[in-house]
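Undergrad: Following this message is one structure expressed as structure tokens.
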Amino acid sequence: MAINKNSNAYIIIYTVVMVVIVGALLAFLATSLKDKQDANVLNEQKTSIMKAFGEAEANFDEVVTIGSITDGEFVVVEDAAATFELLGDRKALAAIENNLPIFKLEKDDVVKYVLPIVGKGLWGDIWGYVSLQQTEDNVVITGIVMDHAGETPGLGAEIAAAKVQNMFQSKKLYDETGAFAVRMQKGGAQNEHQVDAISGGTKTCDGVNAMLETSISKYESFLRGAEVEAEADVEGDEVATEECCGDCCCETEEATVVEPTNEVEE
Amino acid sequence: MKLSKNFTNPLAANNPVIVQILGICSALAVTVKLEPAFVMGISVTFVCAFSNLLMSLLRNSVPSRIRIIVQLVVIATLVIVVDQVLRAFMYDVSKQLSVYVGLIITNCIVMGRVEAFALGNKPWASFVDGIANGLGYTIILVMVAFFRELFGSGSLFGQTIIPESWYIANGGFYSNTGLMLFPPMALIIVGCIIWIHRTINKDLQEK
């Protein structure tokens, strides 16, 4: 007996069977691969943080202290999973005001902090990690990693390129008046706080500026507080600075290199 | 139609993009750089081949009144499977593709081939047809992306090609063409390819 393939009964049974098979297949796939996918996401977060620190080779678990800024103070956090879960949830991360996640890396007497940054580009979310180091009278960017959900390839999407990210190196966060001054400047950087914007990617660059300012300003009281400490430390043990190894001397050299180049531009 | 003809036809004489004018939307979206264009081409080839194969296997049981729905379910399932597997085992590639994976579902070539070929042909022929059409699409995407990336960004596959010293900023004479980075330029390049293609293949010209 031939089945009438256009009868309602056949169509309904066909659809139900199809949906059950497809649903089961996808549910099985999603649950069985979830662990691997989560591990990938976690690994990616750790690698990005290490990249921002400029220590892409080092093992995150061995060298980085996970902390949070609670009421302007650095507190060590034991529960790493909760921190990474927060980093994965960009909406929650953007809304959070206290207990801000932060990562600390101490190497050769230099302390660097990495903060997560989140914002909106032209088409969707942009996010990343910025590594900061306190100097005598300012806070300096030592590295930045940025990524995006769907900025225009070749234009806004260039914020994910190393070429753009390297330009943020050794930019000072605050100007003479103490205002937040790092930004991607249309028409080219004018001073030691600014970075060249991407031509054709103005809206994305505006998003980056807003992202940096809102995300970093949440940590301002801590960064500023620690800045004063750094100043006190430097005055306190001058001997230690003189004895210091190649790495720290490079840091100071970098800071001095920046100023003359800017004078030429002015 | 012979199988070899089946394979070579979509590559040039009956190319899905420049003859059937299918899949133009993604040709505009992903051709700013060669790498995403290439990866997109490979993904579409994969999905097109397997959706053709599956639909061809199902062709005798599918009720014709709901065949479009069945096609959509098959294609969407394949795309999700690809996406999930990439996320678990090739995380970097999956990040590269990001939104484009979703775009594959809406690619007219995939559904066009299922509807026009797989429903009326045997599984193996349909599979070959899917691969050939995917490759025909890839060829055009890569051609467009080649010109757009070279003249728009001065690079190919992300590697700088135009020497830095050529640029006006460094005292040279050259500057990248910003227009190349915008979608209308992809349409113009596709137009030029169609023009050349029709000049060579006289039988495509309307009398």
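Every chain in the structure tokens takes a letter, A first, then B, and so on in the order presented; its residues are numbered from 1, and the ligands are numbered from 1 following the presented order.
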Write down as a list in words the residues of range 63-190 of chain B whose backbone DSSP state falls under strand (DSSP E or B).

TA: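 Secondary structure check on range 63-190 of chain B, strand (DSSP E or B): Ser155, Leu156, Gln159, Thr160, Tyr167 and Tyr174 of chain B.
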
Undergrad: Can I get the residues of range 5-97 of chain A within 9 Å of range 39-62 of chain B, each with the closest pair of atoms and their distance in Å to one decimal, using only C-alpha atoms, sorted chain first then ascending number, as CSV?

TA:
residue,atom,partner,partner_atom,distance
A:Lys5,CA,B:Ser61,CA,7.4
A:Ile11,CA,B:Val62,CA,8.6
A:Tyr14,CA,B:Val62,CA,8.0

Undergrad: Do you have, as CSV, the list of residues of chain B lying at most 9 Å from chain A, each with its nearest atom pair and that distance in Å to one decimal, counting only C-alpha atoms and ordered by chain then number?

TA:
residue,atom,partner,partner_atom,distance
B:Ala29,CA,A:Pro153,CA,8.9
B:Val30,CA,A:Pro153,CA,7.9
B:Thr31,CA,A:Pro153,CA,8.8
B:Val32,CA,A:Pro153,CA,6.2
B:Lys33,CA,A:Gly154,CA,7.0
B:Ser61,CA,A:Lys5,CA,7.4
B:Val62,CA,A:Lys5,CA,7.5
B:Pro63,CA,A:Lys5,CA,5.2
B:Ser64,CA,A:Asn6,CA,7.1
B:Arg65,CA,A:Asn6,CA,6.9
B:Ile66,CA,A:Ile11,CA,7.6
B:Val70,CA,A:Thr15,CA,8.1
B:Val73,CA,A:Val22,CA,8.1
B:Val74,CA,A:Val22,CA,8.4
B:Thr77,CA,A:Val22,CA,7.0
B:Ile80,CA,A:Leu26,CA,7.9
B:Val81,CA,A:Leu26,CA,7.2
B:Gln84,CA,A:Ala30,CA,7.0
B:Val85,CA,A:Leu33,CA,7.6
B:Arg87,CA,A:Gln37,CA,5.9
B:Ala88,CA,A:Gln37,CA,4.6
B:Phe89,CA,A:Lys36,CA,7.7
B:Tyr91,CA,A:Asn40,CA,6.7
B:Ser98,CA,A:Ala149,CA,7.6
B:Val99,CA,A:Gly150,CA,7.2
B:Glu149,CA,A:Gly154,CA,8.2
B:Gly152,CA,A:Gly154,CA,8.2
B:Ser153,CA,A:Gly154,CA,7.0
B:Gly178,CA,A:Gly200,CA,7.7
B:Leu181,CA,A:Gly154,CA,6.6

Undergrad: Please report, as a ChimeraX atom specification, each residue of chain B to which DSSP assigns helix (DSSP H, G or I) when run on this structure's backbone.

TA: /B:3-11,24-29,34-58,64-89,91-97,99-105,108-116,118-120,123-153,164-166,168-170,178-181,183-200,202-204

Undergrad: Please, could you write that set of residues out with C-alpha atoms as a compact mmCIF listing (two decimals), in the first residue's frame?

TA:
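And here is the file that came out, part_38.txt:
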# COMPACT_ATOMS: atom_id res chain seq x y z
CA LEU B 3 29.43 13.70 -13.01
CA SER B 4 32.55 15.54 -14.21
CA LYS B 5 30.42 18.11 -16.00
CA ASN B 6 28.39 18.25 -12.82
CA PHE B 7 31.51 19.29 -10.97
CA THR B 8 33.09 21.73 -13.43
CA ASN B 9 29.90 23.53 -14.46
CA PRO B 10 29.32 25.50 -11.24
CA LEU B 11 32.97 26.57 -11.14
CA ILE B 24 25.70 38.18 -3.25
CA CYS B 25 24.85 39.38 0.27
CA SER B 26 27.65 37.44 1.93
CA ALA B 27 29.99 38.25 -0.95
CA LEU B 28 29.68 41.88 0.15
CA ALA B 29 29.96 41.20 3.85
CA LEU B 34 41.07 37.23 2.30
CA GLU B 35 41.10 35.10 5.41
CA PRO B 36 37.42 35.36 6.44
CA ALA B 37 36.44 35.11 2.76
CA PHE B 38 38.38 31.88 2.42
CA VAL B 39 37.07 30.38 5.66
CA MET B 40 33.52 31.39 4.75
CA GLY B 41 33.94 29.73 1.35
CA ILE B 42 35.12 26.47 2.90
CA SER B 43 32.27 26.49 5.45
CA VAL B 44 29.64 27.09 2.79
CA THR B 45 31.14 24.30 0.68
CA PHE B 46 30.90 21.93 3.64
CA VAL B 47 27.32 22.84 4.53
CA CYS B 48 26.22 22.87 0.90
CA ALA B 49 27.70 19.42 0.24
CA PHE B 50 26.18 17.77 3.30
CA SER B 51 22.78 19.43 3.10
CA ASN B 52 22.61 18.28 -0.52
CA LEU B 53 23.60 14.77 0.50
CA LEU B 54 21.08 14.58 3.35
CA MET B 55 18.22 16.10 1.39
CA SER B 56 18.94 13.77 -1.50
CA LEU B 57 18.73 10.78 0.87
CA LEU B 58 15.46 12.12 2.25
CA SER B 64 6.35 18.21 -0.89
CA ARG B 65 4.11 20.62 1.02
CA ILE B 66 6.61 21.05 3.84
CA ARG B 67 9.82 20.47 1.92
CA ILE B 68 11.12 24.02 2.43
CA ILE B 69 10.70 23.65 6.19
CA VAL B 70 12.51 20.33 6.13
CA GLN B 71 15.33 21.88 4.11
CA LEU B 72 15.65 24.72 6.59
CA VAL B 73 15.77 22.31 9.52
CA VAL B 74 18.45 20.19 7.86
CA ILE B 75 20.59 23.20 6.91
CA ALA B 76 20.20 24.91 10.28
CA THR B 77 21.05 21.68 12.11
CA LEU B 78 24.19 21.21 10.04
CA VAL B 79 25.29 24.76 10.70
CA ILE B 80 24.76 24.38 14.45
CA VAL B 81 26.64 21.08 14.45
CA VAL B 82 29.56 22.72 12.63
CA ASP B 83 29.48 25.67 15.01
CA GLN B 84 29.43 23.49 18.14
CA VAL B 85 32.18 21.18 16.95
CA LEU B 86 34.38 24.10 15.94
CA ARG B 87 33.85 25.73 19.33
CA ALA B 88 34.93 22.58 21.10
CA PHE B 89 37.85 21.48 18.95
CA TYR B 91 38.27 27.41 19.04
CA ASP B 92 40.45 29.84 17.06
CA VAL B 93 38.72 29.07 13.78
CA SER B 94 35.34 29.40 15.44
CA LYS B 95 36.32 32.88 16.68
CA GLN B 96 37.45 33.77 13.17
CA LEU B 97 34.06 32.79 11.78
CA VAL B 99 28.89 35.78 12.94
CA TYR B 100 29.54 34.26 9.52
CA VAL B 101 28.53 30.80 10.71
CA GLY B 102 25.02 32.11 11.26
CA LEU B 103 25.11 33.74 7.84
CA ILE B 104 25.58 30.37 6.15
CA ILE B 105 22.00 29.40 7.02
CA CYS B 108 20.75 31.39 -0.96
CA ILE B 109 23.17 29.00 -2.67
CA VAL B 110 22.73 26.30 -0.03
CA MET B 111 18.96 26.27 -0.23
CA GLY B 112 18.98 26.97 -3.95
CA ARG B 113 21.03 23.84 -4.65
CA VAL B 114 18.94 21.67 -2.33
CA GLU B 115 15.75 22.81 -4.01
CA ALA B 116 17.06 22.78 -7.59
CA ALA B 118 19.29 17.49 -4.47
CA LEU B 119 15.53 16.88 -4.49
CA GLY B 120 15.74 15.39 -7.96
CA PRO B 123 22.96 11.26 -3.21
CA TRP B 124 26.45 11.04 -4.72
CA ALA B 125 25.67 13.41 -7.61
CA SER B 126 24.06 15.81 -5.14
CA PHE B 127 27.11 15.71 -2.89
CA VAL B 128 29.41 16.52 -5.81
CA ASP B 129 27.06 19.30 -6.89
CA GLY B 130 27.18 20.77 -3.39
CA ILE B 131 30.96 20.75 -3.30
CA ALA B 132 31.23 22.25 -6.78
CA ASN B 133 28.80 25.06 -6.03
CA GLY B 134 30.54 25.80 -2.74
CA LEU B 135 33.86 26.00 -4.55
CA GLY B 136 32.37 28.18 -7.28
CA TYR B 137 31.25 30.54 -4.53
CA THR B 138 34.66 30.37 -2.83
CA ILE B 139 36.49 31.27 -6.05
CA ILE B 140 34.49 34.47 -6.51
CA LEU B 141 34.79 35.42 -2.83
CA VAL B 142 38.55 34.95 -2.88
CA MET B 143 38.87 36.95 -6.11
CA VAL B 144 36.88 39.86 -4.70
CA ALA B 145 38.69 39.71 -1.35
CA PHE B 146 42.06 39.65 -3.12
CA PHE B 147 41.43 43.03 -4.77
CA ARG B 148 39.75 44.54 -1.72
CA GLU B 149 42.44 43.55 0.73
CA LEU B 150 45.35 44.37 -1.58
CA PHE B 151 44.14 47.84 -2.55
CA GLY B 152 42.18 48.59 0.61
CA SER B 153 44.63 47.49 3.29
CA GLU B 164 55.82 50.75 4.02
CA SER B 165 58.13 53.18 2.20
CA TRP B 166 55.63 53.57 -0.66
CA ILE B 168 52.69 59.06 1.46
CA ALA B 169 53.06 59.19 5.24
CA ASN B 170 56.59 57.80 4.81
CA GLY B 178 39.47 53.55 1.53
CA LEU B 179 36.56 52.91 -0.83
CA MET B 180 37.77 49.33 -1.28
CA LEU B 181 36.86 48.62 2.35
CA PRO B 183 30.56 47.09 0.65
CA PRO B 184 29.66 48.97 -2.58
CA MET B 185 33.13 48.25 -3.92
CA ALA B 186 32.51 44.50 -3.60
CA LEU B 187 29.45 44.94 -5.78
CA ILE B 188 31.47 46.86 -8.36
CA ILE B 189 34.19 44.18 -8.39
CA VAL B 190 31.59 41.42 -8.73
CA GLY B 191 30.10 43.46 -11.59
CA CYS B 192 33.48 43.64 -13.31
CA ILE B 193 33.99 39.87 -12.91
CA ILE B 194 30.53 39.25 -14.43
CA TRP B 195 31.39 41.58 -17.31
CA ILE B 196 34.65 39.77 -18.09
CA HIS B 197 32.98 36.39 -17.66
CA ARG B 198 30.19 37.26 -20.12
CA THR B 199 32.62 38.66 -22.63
CA ILE B 200 34.43 35.34 -22.66
CA LYS B 202 29.31 34.47 -25.46
CA ASP B 203 26.41 32.04 -24.93
CA LEU B 204 25.55 33.81 -21.67

Undergrad: Hey, what's within 9 Å of Arg224 in chain A if we count only C-alpha atoms and toss same-chain stuff fewer than 6 positions away? As an MDAnalysis selection string, please?

TA: chainID A and resid 134 138:139

Undergrad: If you keep N, CA and C atoms, can you produce a file of those selected residues as an mmCIF file, in the first residue's frame?

TA:
data_model
loop_
_atom_site.group_PDB
_atom_site.id
_atom_site.type_symbol
_atom_site.label_atom_id
_atom_site.label_comp_id
_atom_site.auth_asym_id
_atom_site.auth_seq_id
_atom_site.Cartn_x
_atom_site.Cartn_y
_atom_site.Cartn_z
ATOM 1 N N GLN A 134 51.638 51.484 38.088
ATOM 2 C CA GLN A 134 51.690 52.794 38.726
ATOM 3 C C GLN A 134 53.109 53.337 38.693
ATOM 4 N N ASN A 138 51.746 59.005 38.044
ATOM 5 C CA ASN A 138 50.699 58.703 37.065
ATOM 6 C C ASN A 138 50.470 57.196 37.010
ATOM 7 N N VAL A 139 49.574 56.788 36.138
ATOM 8 C CA VAL A 139 49.370 55.362 35.884
ATOM 9 C C VAL A 139 49.617 55.152 34.398
#

Undergrad: Neighbours of Glu158 in chain A within 10 Å (only C-alpha atoms; same-chain residues fewer than 2 positions away dropped), as a PDB file with C-alpha atoms, in the first residue's frame?

TA:
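Written out: selection-v3.pdb:
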ATOM      1  CA  MET A 146      40.933  44.113  22.725  1.00  0.00           C
ATOM      2  CA  ASP A 147      38.400  42.037  20.895  1.00  0.00           C
ATOM      3  CA  HIS A 148      35.009  42.653  19.341  1.00  0.00           C
ATOM      4  CA  GLU A 151      33.086  45.433  14.048  1.00  0.00           C
ATOM      5  CA  THR A 152      33.705  46.093  10.347  1.00  0.00           C
ATOM      6  CA  PRO A 153      36.644  43.996   9.094  1.00  0.00           C
ATOM      7  CA  GLY A 154      39.502  46.207   7.932  1.00  0.00           C
ATOM      8  CA  LEU A 155      38.086  49.240   9.770  1.00  0.00           C
ATOM      9  CA  GLY A 156      36.762  49.031  13.332  1.00  0.00           C
ATOM     10  CA  ALA A 160      41.906  43.562  17.643  1.00  0.00           C
ATOM     11  CA  ALA A 161      45.162  43.893  15.661  1.00  0.00           C
ATOM     12  CA  ALA A 162      48.503  43.989  17.457  1.00  0.00           C
ATOM     13  CA  LYS A 163      49.487  47.043  15.397  1.00  0.00           C
ATOM     14  CA  VAL A 164      46.748  49.148  17.012  1.00  0.00           C
ATOM     15  CA  GLN A 165      47.103  47.648  20.463  1.00  0.00           C
ATOM     16  CA  ILE A 198      41.711  54.200  12.940  1.00  0.00           C
ATOM     17  CA  GLY A 201      36.683  53.274  12.231  1.00  0.00           C
ATOM     18  CA  THR A 204      34.529  52.009  17.006  1.00  0.00           C
ATOM     19  CA  CYS A 205      37.311  54.257  18.322  1.00  0.00           C
TER      20      CYS A 205
END

Undergrad: Figure out the distance between CA of Thr177 in chain B and CA of Ala12 in chain B, please, to one decimal in Å.

TA: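 Going from CA of Ala12 in chain B over to CA of Thr177 in chain B, I get 29.0 Å.
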
Undergrad: To one decimal place in Å, what is the distance between CA of Thr70 in chain A and CA of Tyr219 in chain A?

TA: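 Answer for the CA of Thr70 in chain A to CA of Tyr219 in chain A separation: 9.8 Å.
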
Undergrad: So how many Å separate CA of Glu213 in chain A and CA of Asn191 in chain A, to one decimal?

TA: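 CA of Asn191 in chain A lies 17.2 Å from CA of Glu213 in chain A.
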
Undergrad: Between A:Phe103, A:Gln133, A:Asp61, A:Glu220, which has the minimum distance to Gly178 in chain A (counting only C-alpha atoms)?

TA: A:Glu220

Undergrad: With distances taken over only C-alpha atoms, which residue among A:Gly67, A:Gly128, A:Gly72, A:Gly143 lies nearest Leu223 in chain A?

TA: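 For Leu223 in chain A, the nearest of the given residues is A:Gly72.
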